[in-house]
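Asks: This is the structure I have questions about; it appears just below.
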Amino acid sequence: MTTFADITDRLAALAIEVPSWAYGNSGTRFKVFGTPGTPRTVEEKIADAATVHRFTGLAPTVALHIPWDLVDDFGALRRYAADQGVALGTINSNTFQDDDYKLGSLTHADPKVREKAVQHNLDCIEVMNATGSRDLKIWLADGTNYPGQGDIRARQDWLAEALQRIYDQLGDDQRLVLEYKFFEPAFYHTDVPDWGTSYAHVAALGEKAMVCLDTGHHAPGTNIEFIVAQLLRLGKLGSFDFNSRFYADDDLIVGAADPFQLFRIIVEVIRGGGYGPGSEVALMLDQCHNIEHKIPGQIRSVLNVQEMTARALLLDTDALAEARTAGDVLAANEIFMDAFYTDVRRDLAGWREERGLPADPMAAYDASGYQQQIEADRVGGNQAGWN
Ligand code: PSV
Ligand code: MN
Ligand code: MN
């Protein structure tokens with residue numbers, strides 16, 4: 001039997017990176033609702049991210065998206081973040097919002113467009129050098145809408161060439177993580193649609209290239225924990241983008257749609273050595289809060305990950321191994337479900353208090369006055385991407 005007391009040290013290893021774009025206004029193609037208090041600058045986004053960390057102790061780094069978070073002096077931004085109590089994390093490149101990229105970026109048939117997209121990623125590596133970031137995350141909107149529209153085979157070759165050029169500029173301690181997504185914005189084919197394609201490219205590049213798994217980027221019914229197990233087995237799971245989906249790429253609060261799936265994923269992360277000291281796996285959120293307040297939305301998100309991590313750490317792996325060896329299907333399943341059904345909320349509240357954190361971070365944030373303050377101070381906040 002594993003008890004909560006047995007896992008308290010391991011729980012302390014949990015760190016979840018939050019995305020700068022979660023603090024900006026976002027929405028759907030139907031409407032972007034403005035939220036009072038929305039950041040007007042990159043600094044204000046970082047201040048909000050730091051607030052999430054202050055109330056939870058779980059979010060020590062914030063990811064940036066370039067050019068959404070472009071500033072003149074990234075060294076100064078790094079110092080500003082440190083003053084706020086957080087560090088700058090993953091740099092996300094963006095080759096999906098310029099008109100030039102309508103028919104692709106790193107996979108475009110025109111070498112000039114491919115060159116522009118490569119150059120943007122090289123610029124992002126310069127940003128990483130100034131921010132001290134380890135990871136360059138590449139997500140491509142590239143794909144086609146109609147059969148026959150593009151040479152899907154040639155596009156793979158162009159992609160491989162372009163990724164190689166970017167990879168070659170990484171520093172010794174830097175990594176490239178390649179994210180996949182099965183559809184959207186392209187509707188017929190996507191150039192990096194699945195983990196296998198991402199794996200094929202990062203395996204060819206070398207050990208500094210890894211796969212990024214965004215939980216919202218799979219077809220319904222996909223067994224994501226199997227992908228996690230396989231990528232960890234191959235030594236190629238670089239990072240997660242956590243969020244929840246009901247239908248497509250919904251970007252809802254992680255654990256909101258299917259906490260059991262989140263639990264199953266974290267069980268495999270721990271099983272595969274992807275959690276804790278020495279692990280290569282970066283846990284990040286990639287979410288947008290369209291109708292709820294953004295800071296408590298992020299607080300709820302990191303708490304959900306913490307809750308499922310605690311339950312996953314409670315899994316009695318010895319008893320499970322015994323039941324599996326004995327071929328006792330129902331006992332194995334019961335042991336698994338026991339861990340999932342364990343209510344850890346009171347234990348976690350106590351754990352937080354012992355560490356000088358609020359027992360209930362949601363309530364503490366509500367009572368803090370921060371939300372009222374930013375609503376009063378910030379007038380005319382921006383959409384996630386456009387500052
Ligand atoms: C694409 O759907 C994605 O999940 C990628 O991670 C992007 O970087 C992120 O959204 C923000 O556009
Ligand atoms: Mn993502
Ligand atoms: Mn997405």
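Please note that chains go A, B, ... in the order of the structure tokens, that every chain numbers its residues from 1, and that ligands are numbered from 1 in the order shown.
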Which neighbours of Asp100 in chain A fall inside 12 Å, counting only C-alpha atoms, when residues of the same chain fewer than 5 positions from it are skipped, and could you give them as a list of chain:residue names?
Replies: A:Thr95, A:Ser105, A:Leu106, A:His108, A:Ala109, A:Asp110, A:Pro111, A:Lys112, A:Val113, A:Arg114, A:Glu115, A:Lys116, A:Ala117, A:Asp142
Asks: Return as a list in words every polymer residue, whether protein, DNA or RNA, with at least one atom no more than 7 Å from an atom of ligand 1; count only C-alpha atoms and all ligand atoms.
Replies: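 Using only C-alpha atoms and all ligand atoms, everything at most 7 Å from ligand 1 comes to Asn92, Trp139, Glu179, Asp214, Asp241, Asp249 and Asp286 of chain A.
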Asks: Pick out each residue of range 43-211 of chain A that DSSP on the backbone tags as helix (DSSP H, G or I); I need them as number ranges by chain.
Replies: A: 43-56, 74-84, 99-101, 111-131, 152-168, 195-205
Asks: With C-alpha atoms retained, export the selected residues as a PDB file, in the first residue's frame.
Replies:
```
ATOM      1  CA  GLU A  43       5.280  41.841 -19.071  1.00  0.00           C
ATOM      2  CA  GLU A  44       1.676  41.791 -17.881  1.00  0.00           C
ATOM      3  CA  LYS A  45       1.253  38.234 -19.203  1.00  0.00           C
ATOM      4  CA  ILE A  46       4.348  37.220 -17.252  1.00  0.00           C
ATOM      5  CA  ALA A  47       3.046  38.946 -14.135  1.00  0.00           C
ATOM      6  CA  ASP A  48      -0.157  36.892 -14.433  1.00  0.00           C
ATOM      7  CA  ALA A  49       1.800  33.678 -14.965  1.00  0.00           C
ATOM      8  CA  ALA A  50       3.858  34.509 -11.877  1.00  0.00           C
ATOM      9  CA  THR A  51       0.621  34.948  -9.964  1.00  0.00           C
ATOM     10  CA  VAL A  52      -0.395  31.393 -10.858  1.00  0.00           C
ATOM     11  CA  HIS A  53       2.947  30.217  -9.495  1.00  0.00           C
ATOM     12  CA  ARG A  54       2.629  32.291  -6.317  1.00  0.00           C
ATOM     13  CA  PHE A  55      -0.695  30.720  -5.425  1.00  0.00           C
ATOM     14  CA  THR A  56       0.179  27.131  -6.373  1.00  0.00           C
ATOM     15  CA  PHE A  74      14.792  39.586 -24.215  1.00  0.00           C
ATOM     16  CA  GLY A  75      17.595  39.821 -21.654  1.00  0.00           C
ATOM     17  CA  ALA A  76      15.575  42.482 -19.855  1.00  0.00           C
ATOM     18  CA  LEU A  77      12.429  40.354 -20.131  1.00  0.00           C
ATOM     19  CA  ARG A  78      14.322  37.452 -18.593  1.00  0.00           C
ATOM     20  CA  ARG A  79      15.330  39.658 -15.648  1.00  0.00           C
ATOM     21  CA  TYR A  80      11.778  40.962 -15.319  1.00  0.00           C
ATOM     22  CA  ALA A  81      10.476  37.375 -15.146  1.00  0.00           C
ATOM     23  CA  ALA A  82      13.080  36.469 -12.526  1.00  0.00           C
ATOM     24  CA  ASP A  83      12.003  39.480 -10.431  1.00  0.00           C
ATOM     25  CA  GLN A  84       8.447  38.182 -10.628  1.00  0.00           C
ATOM     26  CA  ASP A  99      -0.163  35.510 -45.783  1.00  0.00           C
ATOM     27  CA  ASP A 100       3.020  33.961 -47.206  1.00  0.00           C
ATOM     28  CA  TYR A 101       2.218  30.790 -45.310  1.00  0.00           C
ATOM     29  CA  PRO A 111      11.860  27.770 -51.642  1.00  0.00           C
ATOM     30  CA  LYS A 112      11.653  31.487 -50.746  1.00  0.00           C
ATOM     31  CA  VAL A 113       8.777  30.838 -48.369  1.00  0.00           C
ATOM     32  CA  ARG A 114      10.573  27.839 -46.877  1.00  0.00           C
ATOM     33  CA  GLU A 115      13.626  30.033 -46.373  1.00  0.00           C
ATOM     34  CA  LYS A 116      11.563  32.682 -44.600  1.00  0.00           C
ATOM     35  CA  ALA A 117      10.107  30.047 -42.274  1.00  0.00           C
ATOM     36  CA  VAL A 118      13.533  28.562 -41.525  1.00  0.00           C
ATOM     37  CA  GLN A 119      14.865  32.042 -40.802  1.00  0.00           C
ATOM     38  CA  HIS A 120      12.035  32.708 -38.363  1.00  0.00           C
ATOM     39  CA  ASN A 121      12.966  29.564 -36.439  1.00  0.00           C
ATOM     40  CA  LEU A 122      16.622  30.594 -36.425  1.00  0.00           C
ATOM     41  CA  ASP A 123      15.526  33.964 -35.012  1.00  0.00           C
ATOM     42  CA  CYS A 124      13.677  32.033 -32.313  1.00  0.00           C
ATOM     43  CA  ILE A 125      16.921  30.248 -31.404  1.00  0.00           C
ATOM     44  CA  GLU A 126      18.485  33.709 -30.963  1.00  0.00           C
ATOM     45  CA  VAL A 127      15.621  34.536 -28.626  1.00  0.00           C
ATOM     46  CA  MET A 128      16.314  31.314 -26.700  1.00  0.00           C
ATOM     47  CA  ASN A 129      19.943  32.330 -26.321  1.00  0.00           C
ATOM     48  CA  ALA A 130      18.822  35.578 -24.682  1.00  0.00           C
ATOM     49  CA  THR A 131      16.038  34.090 -22.545  1.00  0.00           C
ATOM     50  CA  ILE A 152       2.617  15.269 -50.034  1.00  0.00           C
ATOM     51  CA  ARG A 153       5.799  13.237 -50.546  1.00  0.00           C
ATOM     52  CA  ALA A 154       7.942  16.207 -51.670  1.00  0.00           C
ATOM     53  CA  ARG A 155       6.639  18.229 -48.738  1.00  0.00           C
ATOM     54  CA  GLN A 156       8.087  15.626 -46.354  1.00  0.00           C
ATOM     55  CA  ASP A 157      11.478  16.004 -48.015  1.00  0.00           C
ATOM     56  CA  TRP A 158      11.326  19.813 -47.807  1.00  0.00           C
ATOM     57  CA  LEU A 159      10.317  19.534 -44.176  1.00  0.00           C
ATOM     58  CA  ALA A 160      13.248  17.242 -43.383  1.00  0.00           C
ATOM     59  CA  GLU A 161      15.688  19.649 -45.055  1.00  0.00           C
ATOM     60  CA  ALA A 162      14.275  22.665 -43.242  1.00  0.00           C
ATOM     61  CA  LEU A 163      14.253  20.961 -39.852  1.00  0.00           C
ATOM     62  CA  GLN A 164      17.868  19.927 -40.355  1.00  0.00           C
ATOM     63  CA  ARG A 165      18.895  23.538 -40.923  1.00  0.00           C
ATOM     64  CA  ILE A 166      17.118  24.618 -37.762  1.00  0.00           C
ATOM     65  CA  TYR A 167      18.468  21.686 -35.755  1.00  0.00           C
ATOM     66  CA  ASP A 168      22.034  22.497 -36.810  1.00  0.00           C
ATOM     67  CA  TRP A 195       3.387  10.970 -33.478  1.00  0.00           C
ATOM     68  CA  GLY A 196       4.833   8.574 -36.043  1.00  0.00           C
ATOM     69  CA  THR A 197       5.579  11.368 -38.507  1.00  0.00           C
ATOM     70  CA  SER A 198       6.995  13.577 -35.780  1.00  0.00           C
ATOM     71  CA  TYR A 199       9.072  10.642 -34.529  1.00  0.00           C
ATOM     72  CA  ALA A 200      10.410   9.886 -38.025  1.00  0.00           C
ATOM     73  CA  HIS A 201      11.659  13.460 -38.352  1.00  0.00           C
ATOM     74  CA  VAL A 202      13.116  13.889 -34.876  1.00  0.00           C
ATOM     75  CA  ALA A 203      14.782  10.473 -34.987  1.00  0.00           C
ATOM     76  CA  ALA A 204      16.519  11.473 -38.235  1.00  0.00           C
ATOM     77  CA  LEU A 205      17.657  14.785 -36.722  1.00  0.00           C
TER      78      LEU A 205
END
```
Asks: Could you report the residues within 9 Å of ligand 2, using only C-alpha atoms and all ligand atoms, as a list in words?
Replies: Trp139, Glu179, Tyr180, Lys181, Cys212, Leu213, Asp214, Thr215, Gly216, His217, Phe240, Asp241, Phe242, Asn243, Asp251, Met284, Leu285, Asp286 and Gln287 of chain A
Asks: Store the residues of this selection in a file with C-alpha atoms, as a PDB file, in the first residue's frame.
Replies:
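Okay, this is what ended up in result.pdb:
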```
ATOM      1  CA  TRP A 139       4.035  23.381 -34.553  1.00  0.00           C
ATOM      2  CA  GLU A 179       4.443  18.936 -32.286  1.00  0.00           C
ATOM      3  CA  TYR A 180       1.893  16.986 -34.325  1.00  0.00           C
ATOM      4  CA  LYS A 181      -1.800  17.576 -34.924  1.00  0.00           C
ATOM      5  CA  CYS A 212       5.792  17.171 -28.403  1.00  0.00           C
ATOM      6  CA  LEU A 213       2.478  15.527 -27.537  1.00  0.00           C
ATOM      7  CA  ASP A 214      -0.489  17.892 -27.345  1.00  0.00           C
ATOM      8  CA  THR A 215      -3.366  15.997 -25.760  1.00  0.00           C
ATOM      9  CA  GLY A 216      -5.909  17.850 -27.925  1.00  0.00           C
ATOM     10  CA  HIS A 217      -4.342  16.808 -31.227  1.00  0.00           C
ATOM     11  CA  PHE A 240       3.437  17.702 -23.362  1.00  0.00           C
ATOM     12  CA  ASP A 241       0.922  20.357 -24.238  1.00  0.00           C
ATOM     13  CA  PHE A 242      -1.882  19.590 -21.804  1.00  0.00           C
ATOM     14  CA  ASN A 243      -5.497  20.583 -22.397  1.00  0.00           C
ATOM     15  CA  ASP A 251      -8.111  23.790 -25.662  1.00  0.00           C
ATOM     16  CA  MET A 284       3.263  22.321 -20.334  1.00  0.00           C
ATOM     17  CA  LEU A 285      -0.245  23.670 -20.718  1.00  0.00           C
ATOM     18  CA  ASP A 286      -1.511  24.795 -24.109  1.00  0.00           C
ATOM     19  CA  GLN A 287      -4.913  26.240 -23.374  1.00  0.00           C
TER      20      GLN A 287
END
```
Asks: Near Pro358 in chain A, counting only C-alpha atoms, which residues have an atom at most 12 Å away, once you skip same-chain residues fewer than 3 positions from it, shown as a list in words?
Replies: Val52, His53, Arg54, Phe55, Thr56, Gly57, Leu348, Ala349, Gly350, Trp351, Arg352, Glu353, Glu354, Arg355, Pro361, Met362, Ala363, Ala364, Tyr365, Asp366, Ala367 and Ser368 of chain A
Asks: Which is closer to ligand 3 than all the others in A:Arg271, A:His289, A:Arg300, A:Arg245, using only C-alpha atoms and all ligand atoms?
Replies: A:Arg245
Asks: Measuring between only C-alpha atoms and all ligand atoms, which one of A:Asp250, A:Glu334, A:Asp69, A:Glu292 shows the shortest distance to ligand 3?
Replies: A:Asp250
Asks: Have a look at A:Leu88, A:Val344, A:Leu237, A:Ile224 and name the one nearest to Leu313 in chain A; count only C-alpha atoms.
Replies: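 Smallest distance to Leu313 in chain A is found for A:Val344.
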